>>> print(open('final.cif').read())   # mmCIF, C-alpha atoms
data_data
loop_
_atom_site.label_atom_id
_atom_site.label_comp_id
_atom_site.auth_asym_id
_atom_site.auth_seq_id
_atom_site.Cartn_x
_atom_site.Cartn_y
_atom_site.Cartn_z
CA PRO Y 1 -56.67 6.61 46.20
CA ARG Y 2 -55.91 6.65 49.94
CA CYS Y 3 -53.63 3.60 49.67
CA LEU Y 4 -51.28 5.37 47.21
CA ARG Y 5 -51.09 8.52 49.35
CA THR Y 6 -50.59 6.50 52.52
CA ASN Y 7 -47.62 4.57 51.05
CA GLY Y 8 -46.04 7.76 49.72
CA LEU Y 9 -46.57 6.98 46.05
CA LEU Y 10 -48.55 10.19 45.53
CA PRO Y 11 -48.07 13.39 47.52
CA ALA Y 12 -50.90 14.20 49.82
CA GLY Y 13 -53.40 16.53 48.22
CA VAL Y 14 -52.55 15.43 44.67
CA GLN Y 15 -55.25 13.71 42.82
CA ALA Y 16 -54.34 10.91 40.44
CA ALA Y 17 -54.72 11.82 36.79
CA ALA Y 18 -57.76 10.57 35.16
CA PRO Y 19 -57.05 7.52 33.03
CA ARG Y 20 -56.43 8.42 29.36
CA ARG Y 21 -59.09 7.29 27.02
CA GLU Y 22 -57.73 5.56 23.94
CA ALA Y 23 -58.92 6.74 20.55
CA PRO Y 24 -61.44 4.50 19.07
CA ARG Y 25 -59.91 1.85 16.87
CA SER Y 26 -61.73 3.25 13.80
CA ARG Y 27 -60.17 6.73 14.25
CA ARG Y 28 -56.66 5.30 14.48
CA LYS Y 29 -57.25 3.31 11.33
CA VAL Y 30 -58.34 6.42 9.45
CA LEU Y 31 -55.23 8.28 10.67
CA TRP Y 32 -52.89 5.59 9.34
CA ILE Y 33 -54.70 5.56 6.02
CA VAL Y 34 -54.31 9.35 5.69
CA LEU Y 35 -50.60 9.17 6.53
CA GLY Y 36 -50.06 6.35 4.05
CA VAL Y 37 -51.85 8.15 1.22
CA SER Y 38 -49.82 11.31 1.91
CA ALA Y 39 -46.56 9.38 1.77
CA LEU Y 40 -47.56 7.75 -1.49
CA ALA Y 41 -48.50 11.12 -2.96
CA LEU Y 42 -45.15 12.62 -1.97
CA ALA Y 43 -43.28 9.65 -3.44
CA ALA Y 44 -45.30 9.84 -6.65
CA GLY Y 45 -44.65 13.57 -6.93
CA ALA Y 46 -40.92 13.11 -6.40
CA GLY Y 47 -40.85 10.28 -8.92
CA LEU Y 48 -42.73 12.38 -11.48
CA PHE Y 49 -40.28 15.28 -10.93
CA LEU Y 50 -37.24 13.03 -11.33
CA HIS Y 51 -38.77 11.38 -14.39
CA LYS Y 52 -39.43 14.78 -15.92
CA ARG Y 53 -35.84 15.87 -15.19
CA ALA Y 54 -34.54 12.61 -16.70
CA THR Y 55 -36.61 13.02 -19.85
CA ASP Y 56 -35.40 16.62 -20.15
CA LEU Y 57 -31.74 15.55 -20.16
CA PRO Y 58 -29.92 15.39 -23.51
CA LEU Y 59 -29.08 12.03 -25.04
CA PRO Y 60 -25.48 11.13 -25.96
CA GLY Y 61 -24.58 13.07 -29.09
CA GLN Y 62 -27.45 15.54 -28.66
CA LEU Y 63 -26.47 19.21 -28.57
CA GLY Y 64 -27.46 21.44 -25.70
CA MET Y 65 -25.97 24.30 -23.70
CA LEU Y 66 -26.32 23.02 -20.15
CA ASP Y 67 -26.01 24.80 -16.83
CA ALA Y 68 -23.80 23.22 -14.16
CA GLU Y 69 -26.68 21.45 -12.37
CA THR Y 70 -28.14 19.94 -15.53
CA LEU Y 71 -24.70 18.81 -16.66
CA GLN Y 72 -24.15 17.01 -13.35
CA LEU Y 73 -27.58 15.35 -13.62
CA THR Y 74 -26.79 14.29 -17.18
CA LEU Y 75 -23.44 12.78 -16.22
CA THR Y 76 -25.01 10.97 -13.28
CA ALA Y 77 -27.78 9.59 -15.49
CA ARG Y 78 -25.10 8.24 -17.83
CA GLY Y 79 -23.43 6.30 -15.05
CA LEU Y 80 -20.83 8.72 -13.68
CA PRO Y 81 -19.48 6.94 -10.56
CA ALA Y 82 -20.08 8.70 -7.26
CA GLY Y 83 -17.13 10.85 -6.24
CA THR Y 84 -15.76 11.22 -9.78
CA GLU Y 85 -14.57 14.75 -10.44
CA ALA Y 86 -16.66 16.43 -13.12
CA HIS Y 87 -16.27 20.08 -14.02
CA HIS Y 88 -18.18 22.06 -16.61
CA PRO Y 89 -15.59 22.75 -19.33
CA LEU Y 90 -17.53 25.53 -21.06
CA LEU Y 91 -18.64 27.86 -18.27
CA GLY Y 92 -16.72 31.02 -17.48
CA GLY Y 93 -16.95 33.61 -14.74
CA GLU Y 94 -16.55 37.35 -14.62
CA ALA Y 95 -13.04 37.38 -16.07
CA VAL Y 96 -14.12 35.39 -19.14
CA ALA Y 97 -17.13 37.67 -19.69
CA ALA Y 98 -14.93 40.77 -19.28
CA LEU Y 99 -12.52 39.54 -21.96
CA ALA Y 100 -15.42 38.86 -24.33
CA ASP Y 101 -16.67 42.40 -23.71
CA GLU Y 102 -13.34 43.77 -24.95
CA ALA Y 103 -14.15 42.56 -28.48
CA PRO Y 104 -15.56 45.25 -30.79
CA GLU Y 105 -19.21 45.11 -31.79
CA ALA Y 106 -20.19 43.69 -35.17
CA LYS Y 107 -23.21 43.78 -37.45
CA ASP Y 108 -24.08 40.08 -37.10
CA ALA Y 109 -23.36 36.94 -35.06
CA ALA Y 110 -20.59 35.73 -37.38
CA GLY Y 111 -18.77 39.05 -37.15
CA ARG Y 112 -19.17 39.22 -33.39
CA ALA Y 113 -17.84 35.65 -33.01
CA ALA Y 114 -14.81 36.44 -35.17
CA ALA Y 115 -14.12 39.59 -33.13
CA ILE Y 116 -14.21 37.60 -29.88
CA ALA Y 117 -11.90 34.94 -31.36
CA THR Y 118 -9.45 37.68 -32.37
CA THR Y 119 -9.56 39.12 -28.85
CA LEU Y 120 -8.72 35.70 -27.42
CA ALA Y 121 -5.89 35.30 -29.93
CA GLY Y 122 -4.39 38.54 -28.70
CA ARG Y 123 -4.35 37.20 -25.15
CA ALA Y 124 -3.06 33.72 -26.10
CA SER Y 125 -0.81 34.54 -29.07
CA ARG Y 126 2.40 33.36 -27.39
CA ALA Y 127 0.97 30.11 -26.06
CA ARG Y 128 2.56 26.82 -27.08
CA VAL Y 129 0.33 23.94 -28.14
CA LEU Y 130 0.85 20.34 -27.07
CA PHE Y 131 0.24 18.14 -30.11
CA ASN Y 132 1.85 14.86 -29.03
CA GLY Y 133 2.40 13.01 -25.80
CA PRO Y 134 0.30 13.25 -22.63
CA PRO Y 135 -0.01 16.62 -20.89
CA THR Y 136 1.99 17.12 -17.70
CA TRP Y 137 -0.64 19.38 -16.12
CA ASN Y 138 -4.25 18.98 -15.08
CA ALA Y 139 -6.36 20.20 -18.01
CA ARG Y 140 -7.80 23.62 -17.13
CA ALA Y 141 -11.36 24.91 -17.33
CA PRO Y 142 -11.84 28.37 -18.94
CA GLU Y 143 -11.30 30.58 -15.87
CA ALA Y 144 -8.13 28.71 -14.86
CA LEU Y 145 -6.67 28.89 -18.37
CA LEU Y 146 -7.41 32.60 -18.65
CA LYS Y 147 -5.64 33.19 -15.34
CA ALA Y 148 -2.62 31.24 -16.60
CA LEU Y 149 -2.53 33.28 -19.82
CA ALA Y 150 -2.26 36.45 -17.76
CA GLY Y 151 1.22 35.42 -16.56
CA LYS Y 152 4.50 36.60 -18.04
CA GLU Y 153 5.73 33.21 -19.22
CA PRO Y 154 4.33 31.50 -22.36
CA VAL Y 155 1.70 28.93 -21.43
CA GLN Y 156 1.57 25.40 -22.79
CA LEU Y 157 -1.96 24.31 -23.55
CA THR Y 158 -4.02 21.84 -25.52
CA SER Y 159 -6.44 22.48 -28.34
CA LEU Y 160 -9.27 21.40 -26.01
CA GLU Y 161 -8.41 24.02 -23.40
CA LEU Y 162 -8.20 26.91 -25.86
CA ALA Y 163 -11.36 25.98 -27.77
CA SER Y 164 -13.27 25.56 -24.50
CA LEU Y 165 -12.23 29.05 -23.41
CA LEU Y 166 -13.48 30.47 -26.71
CA VAL Y 167 -16.84 28.71 -26.28
CA ALA Y 168 -17.15 30.17 -22.77
CA MET Y 169 -16.41 33.67 -24.09
CA LEU Y 170 -18.99 33.33 -26.87
CA ARG Y 171 -21.66 32.09 -24.48
CA ALA Y 172 -20.89 34.98 -22.14
CA ALA Y 173 -21.69 37.24 -25.11
CA ASP Y 174 -25.04 35.41 -25.61
CA LEU Y 175 -23.88 33.62 -28.76
CA PRO Y 176 -24.93 29.96 -29.05
CA ALA Y 177 -21.65 28.04 -29.37
CA VAL Y 178 -20.53 24.44 -28.89
CA LEU Y 179 -17.29 22.54 -28.90
CA ALA Y 180 -16.58 20.26 -31.88
CA GLU Y 181 -13.85 17.79 -32.76
CA ARG Y 182 -12.03 18.15 -36.05
CA PHE Y 183 -10.55 15.23 -37.98
CA HIS Y 184 -9.29 16.86 -41.19
CA THR Y 185 -7.33 19.99 -42.08
CA SER Y 186 -5.93 21.54 -45.23
CA ALA Y 187 -2.50 21.78 -43.58
CA PRO Y 188 0.46 20.13 -45.36
CA GLY Y 189 0.66 17.21 -42.94
CA ASP Y 190 -3.11 16.76 -42.64
CA ALA Y 191 -2.56 16.10 -38.95
CA PRO Y 192 -5.15 17.89 -36.86
CA ASP Y 193 -4.29 15.58 -33.97
CA PRO Y 194 -0.99 13.70 -34.41
CA SER Y 195 -1.42 11.87 -31.10
CA GLY Y 196 -4.83 10.38 -31.82
CA PHE Y 197 -5.76 10.82 -28.14
CA LEU Y 198 -5.49 14.58 -27.45
CA GLY Y 199 -7.94 15.69 -30.12
CA ARG Y 200 -8.16 18.83 -32.24
CA TYR Y 201 -11.11 21.02 -31.29
CA VAL Y 202 -12.92 23.87 -32.99
CA VAL Y 203 -15.91 26.02 -32.12
CA LEU Y 204 -19.25 26.11 -33.92
CA VAL Y 205 -21.39 29.25 -33.61
CA TYR Y 206 -25.11 29.12 -34.42
CA PRO Y 207 -27.80 31.71 -35.08
CA PRO Y 208 -29.64 32.76 -31.90
CA GLY Y 209 -32.26 30.20 -30.97
CA LYS Y 210 -31.13 27.72 -33.66
CA LEU Y 211 -28.63 25.45 -31.96
CA GLY Y 212 -27.78 22.52 -34.25
CA SER Y 213 -28.71 24.32 -37.48
CA GLU Y 214 -26.17 25.45 -40.07
CA PRO Y 215 -23.40 27.26 -38.14
CA VAL Y 216 -22.73 30.90 -38.93
CA ALA Y 217 -19.07 30.39 -38.02
CA ARG Y 218 -16.57 27.55 -37.58
CA LEU Y 219 -13.52 28.78 -35.68
CA ASP Y 220 -10.22 27.10 -34.84
CA PRO Y 221 -8.57 29.29 -32.18
CA LEU Y 222 -5.20 27.59 -32.72
CA LEU Y 223 -4.93 29.43 -36.04
CA GLY Y 224 -4.60 32.67 -34.11
CA LEU Y 225 -1.41 31.61 -32.33
CA GLU Y 226 2.02 32.87 -33.37
CA MET Y 227 3.99 29.71 -32.53
CA LEU Y 228 1.97 27.14 -34.47
CA PRO Y 229 4.30 24.67 -36.25
CA GLY Y 230 4.43 24.80 -40.05
CA TRP Y 231 2.86 21.40 -40.57
CA ALA Y 232 -0.22 22.50 -38.60
CA THR Y 233 -0.60 25.91 -40.26
CA GLU Y 234 -3.32 26.51 -42.82
CA GLU Y 235 -5.09 29.41 -44.42
CA PRO Y 236 -8.48 30.15 -42.85
CA ALA Y 237 -11.31 28.87 -45.01
CA SER Y 238 -13.57 31.84 -44.38
CA GLY Y 239 -12.87 34.89 -42.31
CA ASN Y 240 -10.57 35.07 -39.33
CA MET Y 241 -9.71 31.58 -38.02
CA GLY Y 242 -12.59 30.06 -40.01
CA VAL Y 243 -12.35 26.41 -41.07
CA SER Y 244 -14.22 24.23 -43.56
CA SER Y 245 -17.07 21.98 -42.50
CA GLU Y 246 -15.29 18.77 -43.55
CA GLU Y 247 -14.86 16.13 -40.84
CA ILE Y 248 -16.17 18.18 -37.91
CA VAL Y 249 -18.22 16.44 -35.20
CA PRO Y 250 -20.17 18.68 -32.75
CA LEU Y 251 -20.01 17.72 -29.08
CA GLY Y 252 -22.76 18.13 -26.51
CA ASP Y 253 -21.73 19.64 -23.18
CA ALA Y 254 -21.63 16.23 -21.48
CA SER Y 255 -19.27 14.94 -24.17
CA ALA Y 256 -17.14 18.07 -23.77
CA ALA Y 257 -16.91 17.32 -20.04
CA ALA Y 258 -15.87 13.76 -20.89
CA HIS Y 259 -13.04 15.01 -23.11
CA LEU Y 260 -11.83 17.21 -20.23
CA MET Y 261 -11.87 14.17 -17.92
CA SER Y 262 -9.89 12.23 -20.52
CA GLN Y 263 -7.12 14.83 -20.71
CA ARG Y 264 -6.91 14.94 -16.93
CA ALA Y 265 -6.60 11.17 -16.93
CA LEU Y 266 -3.68 11.34 -19.37
CA ALA Y 267 -1.87 13.75 -17.04
CA ALA Y 268 -2.49 11.45 -14.04
CA ALA Y 269 -1.61 8.16 -15.76
CA ILE Y 270 1.90 7.78 -14.30
CA LYS Y 271 1.56 9.14 -10.77
CA GLU Y 272 -2.13 8.45 -10.11
CA PRO Y 273 -3.05 5.38 -12.19
CA GLU Y 274 -6.22 4.58 -10.21
CA ARG Y 275 -7.58 8.10 -10.67
CA ALA Y 276 -6.65 8.01 -14.36
CA TYR Y 277 -8.44 4.68 -14.79
CA ARG Y 278 -11.61 6.03 -13.13
CA LEU Y 279 -11.58 9.19 -15.23
CA THR Y 280 -11.24 7.41 -18.58
CA ARG Y 281 -13.95 4.95 -17.61
CA ALA Y 282 -16.25 7.81 -16.61
CA ALA Y 283 -15.43 9.69 -19.82
CA LEU Y 284 -16.44 6.78 -22.01
CA ALA Y 285 -19.72 6.42 -20.09
CA ALA Y 286 -20.54 10.13 -20.35
CA ALA Y 287 -19.77 10.79 -24.01
CA ALA Y 288 -21.02 9.71 -27.38
CA PRO Y 289 -18.76 6.98 -28.88
CA SER Y 290 -15.34 8.52 -29.48
CA ALA Y 291 -12.16 7.16 -31.03
CA THR Y 292 -10.16 9.88 -29.28
CA LEU Y 293 -11.45 8.87 -25.84
CA LEU Y 294 -10.83 5.18 -26.54
CA LEU Y 295 -7.23 5.77 -27.57
CA ALA Y 296 -6.72 7.94 -24.46
CA ARG Y 297 -7.95 5.04 -22.35
CA ALA Y 298 -5.51 2.79 -24.17
CA GLN Y 299 -2.66 5.14 -23.15
CA VAL Y 300 -3.78 5.04 -19.53
CA LEU Y 301 -4.06 1.24 -19.50
CA ALA Y 302 -0.64 0.86 -21.13
CA ALA Y 303 0.96 3.21 -18.59
CA ALA Y 304 -0.38 0.96 -15.82
CA GLY Y 305 1.05 -2.15 -17.49
CA GLY Y 306 -2.20 -3.44 -18.94
CA ILE Y 307 -0.91 -3.72 -22.49
CA LYS Y 308 -3.42 -6.38 -23.57
CA ASP Y 309 -6.37 -4.29 -22.43
CA ALA Y 310 -4.74 -1.24 -23.97
CA MET Y 311 -4.55 -2.91 -27.38
CA GLY Y 312 -8.21 -3.89 -27.05
CA ALA Y 313 -9.18 -0.26 -26.47
CA ALA Y 314 -6.98 0.88 -29.37
CA ARG Y 315 -8.57 -1.63 -31.72
CA LYS Y 316 -12.00 -0.31 -30.71
CA ALA Y 317 -10.74 3.19 -31.51
CA VAL Y 318 -9.63 2.06 -34.97
CA GLY Y 319 -13.02 0.39 -35.42
CA LEU Y 320 -14.74 3.72 -34.81
CA ARG Y 321 -12.35 5.82 -36.91
CA ASP Y 322 -9.90 3.91 -39.11
CA ASP Y 323 -7.52 6.80 -39.76
CA ALA Y 324 -3.77 7.37 -39.55
CA PRO Y 325 -3.61 8.76 -35.96
CA ARG Y 326 -5.55 5.82 -34.54
CA GLN Y 327 -3.56 3.32 -36.63
CA ALA Y 328 -0.27 4.83 -35.47
CA GLY Y 329 -1.50 4.64 -31.86
CA LEU Y 330 -2.31 0.95 -32.26
CA ALA Y 331 1.09 0.33 -33.91
CA ARG Y 332 2.92 1.84 -30.89
CA LEU Y 333 1.09 -0.51 -28.57
CA LEU Y 334 1.87 -3.49 -30.80
CA LEU Y 335 5.54 -2.56 -30.59
CA MET Y 336 5.29 -2.33 -26.79
CA ASN Y 337 3.86 -5.86 -26.87
CA ARG Y 338 6.78 -7.04 -29.06
CA GLU Y 339 4.72 -7.57 -32.20
CA PRO Y 340 6.82 -5.73 -34.80
CA GLU Y 341 5.37 -7.53 -37.84
CA ALA Y 342 1.83 -6.63 -36.88
CA ALA Y 343 2.91 -3.05 -36.18
CA LEU Y 344 4.59 -2.89 -39.59
CA ASP Y 345 1.37 -3.89 -41.35
CA VAL Y 346 -0.63 -1.26 -39.47
CA LEU Y 347 1.90 1.49 -40.18
CA ARG Y 348 2.06 0.71 -43.89
CA LYS Y 349 -1.71 0.99 -44.01
CA ALA Y 350 -1.56 4.34 -42.18
CA VAL Y 351 1.06 5.81 -44.53
CA LYS Y 352 -0.83 4.61 -47.60
CA ALA Y 353 -4.03 6.22 -46.36
CA ALA Y 354 -2.35 9.51 -45.35
CA PRO Y 355 1.08 9.96 -47.00
CA GLY Y 356 1.54 13.33 -45.32
CA PHE Y 357 0.97 12.06 -41.79
CA TRP Y 358 4.49 12.46 -40.43
CA PRO Y 359 4.16 10.54 -37.11
CA ALA Y 360 3.32 7.33 -38.96
CA ARG Y 361 6.08 7.92 -41.53
CA GLN Y 362 8.67 8.49 -38.80
CA LEU Y 363 7.60 5.43 -36.84
CA LEU Y 364 7.58 3.29 -39.98
CA ALA Y 365 11.09 4.43 -40.98
CA SER Y 366 12.40 3.74 -37.47
CA LEU Y 367 10.85 0.28 -37.41
CA LEU Y 368 12.18 -0.66 -40.86
CA GLY Y 369 15.64 0.50 -39.80
CA ARG Y 370 15.59 -1.77 -36.76
CA MET Y 371 14.20 -4.76 -38.63
CA ASP Y 372 16.57 -4.42 -41.61
CA PRO Y 373 19.61 -2.31 -40.60
CA GLU Y 374 21.21 -2.82 -44.02
#
>>> encode(input="final.cif", output="structure tokens")
Amino acid sequence: PRCLRTNGLLPAGVQAAAPRREAPRSRRKVLWIVLGVSALALAAGAGLFLHKRATDLPLPGQLGMLDAETLQLTLTARGLPAGTEAHHPLLGGEAVAALADEAPEAKDAAGRAAAIATTLAGRASRARVLFNGPPTWNARAPEALLKALAGKEPVQLTSLELASLLVAMLRAADLPAVLAERFHTSAPGDAPDPSGFLGRYVVLVYPPGKLGSEPVARLDPLLGLEMLPGWATEEPASGNMGVSSEEIVPLGDASAAAHLMSQRALAAAIKEPERAYRLTRAALAAAAPSATLLLARAQVLAAAGGIKDAMGAARKAVGLRDDAPRQAGLARLLLMNREPEAALDVLRKAVKAAPGFWPARQLLASLLGRMDPE
């Protein structure tokens, strides 16, 4: 218009743009409907995918050899708090696979598993096993333990660490293997786990494609060590490092990860009590019910001064597995809470149930000496 050019609002010679025609109201309505339907379809697809992943995840106590991603999804589905450290305890890298390859070939899965266990024993023969008291190091996954074993000095380790390394080696050799907890041995002291909170772990090997069936081998890698104390030594039940099937509980990979968390919590209990508390809480959420994990939580709570809560966790542990290690663990907490009479009753029960269990016998003798010096 002349008036706009005259007042300088449009340069001379420039025509004003034609006014934009708005889309008809009906077209805009159709567009919004299309966008809404697309969003709903995407949401439904994502929900279906997540539901499928959730239904594919193993239940607590269910066996399964999980990759790292599926393990993380499983732990998250079981309530693992955000930010909680969670490492796969049964996966190895190139070094673990290379060590497994050093084992000689065998005619069947059982023979191959025994050969791999023997190869590991050769590498770890001088290691020292922690049977009592909390570890002073952060429990190691297979690659880290193998690296430590390569050093010149003897390594201190736990049964969990060594058995996890053996599982990783077996899986690298395409043998279906899982971690399992052992509650009975034929050793003189019948003390697979004197602490009650560290655990004694073995390895179950299955026929290819038949995870959860009758194992072709049950291996305790501790039996291959040179420095095993006499009370923990026993003759293999079948083959090299083989053990009987009595009192062995298989662990799914998520439960194995929980037991690793628990041992890391025990190591952190004094200097990092908040981290230790979070780890034991996460471990109990991730695993099938476990007396070992409950007594480990009791140790962590006691170290932080929560003796009442610690005794509650220990009593739950005894409720799950009323055996001498758990009874002795409860008795120690009762003594910390200045309840010697109650501790005496628990210890007498433990010694009666397992006369060869030396930790309970020692604690009972010490307590009787203090209560009746004469």
>>> closest_residue(input="final.cif", among="Y:Ala291, Y:Leu130, Y:Ala106, Y:Val96", to="Leu170 in chain Y", atoms="all atoms listed in the file")
Y:Val96
>>> closest_residue(input="final.cif", among="Y:Leu295, Y:Ala109, Y:Ala283, Y:Leu99", to="Tyr206 in chain Y", atoms="all atoms listed in the file")
Y:Ala109
>>> residues_near_point(input="final.cif", point="(-16.8, 19.9, -37.3)", cutoff="12 Å", atoms="all atoms listed in the file", output="number ranges by chain")
Y: 178-185, 192, 200-205, 212, 214-215, 217-220, 242-251
>>> write_last_selection(input="final.cif", atoms="C-alpha atoms", output="PDB file, keeping the file's coordinate frame")
ATOM      1  CA  VAL Y 178     -20.530  24.440 -28.890  1.00  0.00           C
ATOM      2  CA  LEU Y 179     -17.290  22.540 -28.900  1.00  0.00           C
ATOM      3  CA  ALA Y 180     -16.580  20.260 -31.880  1.00  0.00           C
ATOM      4  CA  GLU Y 181     -13.850  17.790 -32.760  1.00  0.00           C
ATOM      5  CA  ARG Y 182     -12.030  18.150 -36.050  1.00  0.00           C
ATOM      6  CA  PHE Y 183     -10.550  15.230 -37.980  1.00  0.00           C
ATOM      7  CA  HIS Y 184      -9.290  16.860 -41.190  1.00  0.00           C
ATOM      8  CA  THR Y 185      -7.330  19.990 -42.080  1.00  0.00           C
ATOM      9  CA  PRO Y 192      -5.150  17.890 -36.860  1.00  0.00           C
ATOM     10  CA  ARG Y 200      -8.160  18.830 -32.240  1.00  0.00           C
ATOM     11  CA  TYR Y 201     -11.110  21.020 -31.290  1.00  0.00           C
ATOM     12  CA  VAL Y 202     -12.920  23.870 -32.990  1.00  0.00           C
ATOM     13  CA  VAL Y 203     -15.910  26.020 -32.120  1.00  0.00           C
ATOM     14  CA  LEU Y 204     -19.250  26.110 -33.920  1.00  0.00           C
ATOM     15  CA  VAL Y 205     -21.390  29.250 -33.610  1.00  0.00           C
ATOM     16  CA  GLY Y 212     -27.780  22.520 -34.250  1.00  0.00           C
ATOM     17  CA  GLU Y 214     -26.170  25.450 -40.070  1.00  0.00           C
ATOM     18  CA  PRO Y 215     -23.400  27.260 -38.140  1.00  0.00           C
ATOM     19  CA  ALA Y 217     -19.070  30.390 -38.020  1.00  0.00           C
ATOM     20  CA  ARG Y 218     -16.570  27.550 -37.580  1.00  0.00           C
ATOM     21  CA  LEU Y 219     -13.520  28.780 -35.680  1.00  0.00           C
ATOM     22  CA  ASP Y 220     -10.220  27.100 -34.840  1.00  0.00           C
ATOM     23  CA  GLY Y 242     -12.590  30.060 -40.010  1.00  0.00           C
ATOM     24  CA  VAL Y 243     -12.350  26.410 -41.070  1.00  0.00           C
ATOM     25  CA  SER Y 244     -14.220  24.230 -43.560  1.00  0.00           C
ATOM     26  CA  SER Y 245     -17.070  21.980 -42.500  1.00  0.00           C
ATOM     27  CA  GLU Y 246     -15.290  18.770 -43.550  1.00  0.00           C
ATOM     28  CA  GLU Y 247     -14.860  16.130 -40.840  1.00  0.00           C
ATOM     29  CA  ILE Y 248     -16.170  18.180 -37.910  1.00  0.00           C
ATOM     30  CA  VAL Y 249     -18.220  16.440 -35.200  1.00  0.00           C
ATOM     31  CA  PRO Y 250     -20.170  18.680 -32.750  1.00  0.00           C
ATOM     32  CA  LEU Y 251     -20.010  17.720 -29.080  1.00  0.00           C
TER      33      LEU Y 251
END
>>> resolve_selection(input="final.cif", expression="the PyMOL selection byres ((chain Y and resi 120) around 12)", output="ChimeraX atom specification")
/Y:96-103,113-119,121-127,142,145-146,149-150,162-170,219-225,241
>>> atom_distance(input="final.cif", atom1="CA of Glu226 in chain Y", atom2="CA of Ala110 in chain Y")
23.1 Å
>>> residues_near_point(input="final.cif", point="(5.0, 4.6, -37.1)", cutoff="10 Å", atoms="only C-alpha atoms", output="VMD selection string")
chain Y and resid 324 to 325 327 to 332 335 343 to 344 346 to 348 350 to 351 357 to 368
>>> write_last_selection(input="final.cif", atoms="C-alpha atoms", output="short mmCIF file (atom, residue, chain, number, x, y, z; two decimals), keeping the file's coordinate frame")
data_model
loop_
_atom_site.label_atom_id
_atom_site.label_comp_id
_atom_site.auth_asym_id
_atom_site.auth_seq_id
_atom_site.Cartn_x
_atom_site.Cartn_y
_atom_site.Cartn_z
CA ALA Y 324 -3.77 7.37 -39.55
CA PRO Y 325 -3.61 8.76 -35.96
CA GLN Y 327 -3.56 3.32 -36.63
CA ALA Y 328 -0.27 4.83 -35.47
CA GLY Y 329 -1.50 4.64 -31.86
CA LEU Y 330 -2.31 0.95 -32.26
CA ALA Y 331 1.09 0.33 -33.91
CA ARG Y 332 2.92 1.84 -30.89
CA LEU Y 335 5.54 -2.56 -30.59
CA ALA Y 343 2.91 -3.05 -36.18
CA LEU Y 344 4.59 -2.89 -39.59
CA VAL Y 346 -0.63 -1.26 -39.47
CA LEU Y 347 1.90 1.49 -40.18
CA ARG Y 348 2.06 0.71 -43.89
CA ALA Y 350 -1.56 4.34 -42.18
CA VAL Y 351 1.06 5.81 -44.53
CA PHE Y 357 0.97 12.06 -41.79
CA TRP Y 358 4.49 12.46 -40.43
CA PRO Y 359 4.16 10.54 -37.11
CA ALA Y 360 3.32 7.33 -38.96
CA ARG Y 361 6.08 7.92 -41.53
CA GLN Y 362 8.67 8.49 -38.80
CA LEU Y 363 7.60 5.43 -36.84
CA LEU Y 364 7.58 3.29 -39.98
CA ALA Y 365 11.09 4.43 -40.98
CA SER Y 366 12.40 3.74 -37.47
CA LEU Y 367 10.85 0.28 -37.41
CA LEU Y 368 12.18 -0.66 -40.86
#
>>> atom_distance(input="final.cif", atom1="CA of Gly79 in chain Y", atom2="CA of Pro289 in chain Y")
14.6 Å
>>> closest_residue(input="final.cif", among="Y:Ala302, Y:Leu160, Y:Val155, Y:Ala68", to="Ala256 in chain Y", atoms="only C-alpha atoms")
Y:Leu160
>>> closest_residue(input="final.cif", among="Y:Ala173, Y:Ala282, Y:Ala304, Y:Leu157", to="Ala86 in chain Y", atoms="all atoms listed in the file")
Y:Ala282
>>> atom_distance(input="final.cif", atom1="CA of Gly133 in chain Y", atom2="CA of Ser195 in chain Y")
6.6 Å
>>> closest_residue(input="final.cif", among="Y:Ile307, Y:Ala77, Y:Leu334, Y:Ala139", to="Ala268 in chain Y", atoms="all atoms listed in the file")
Y:Ala139
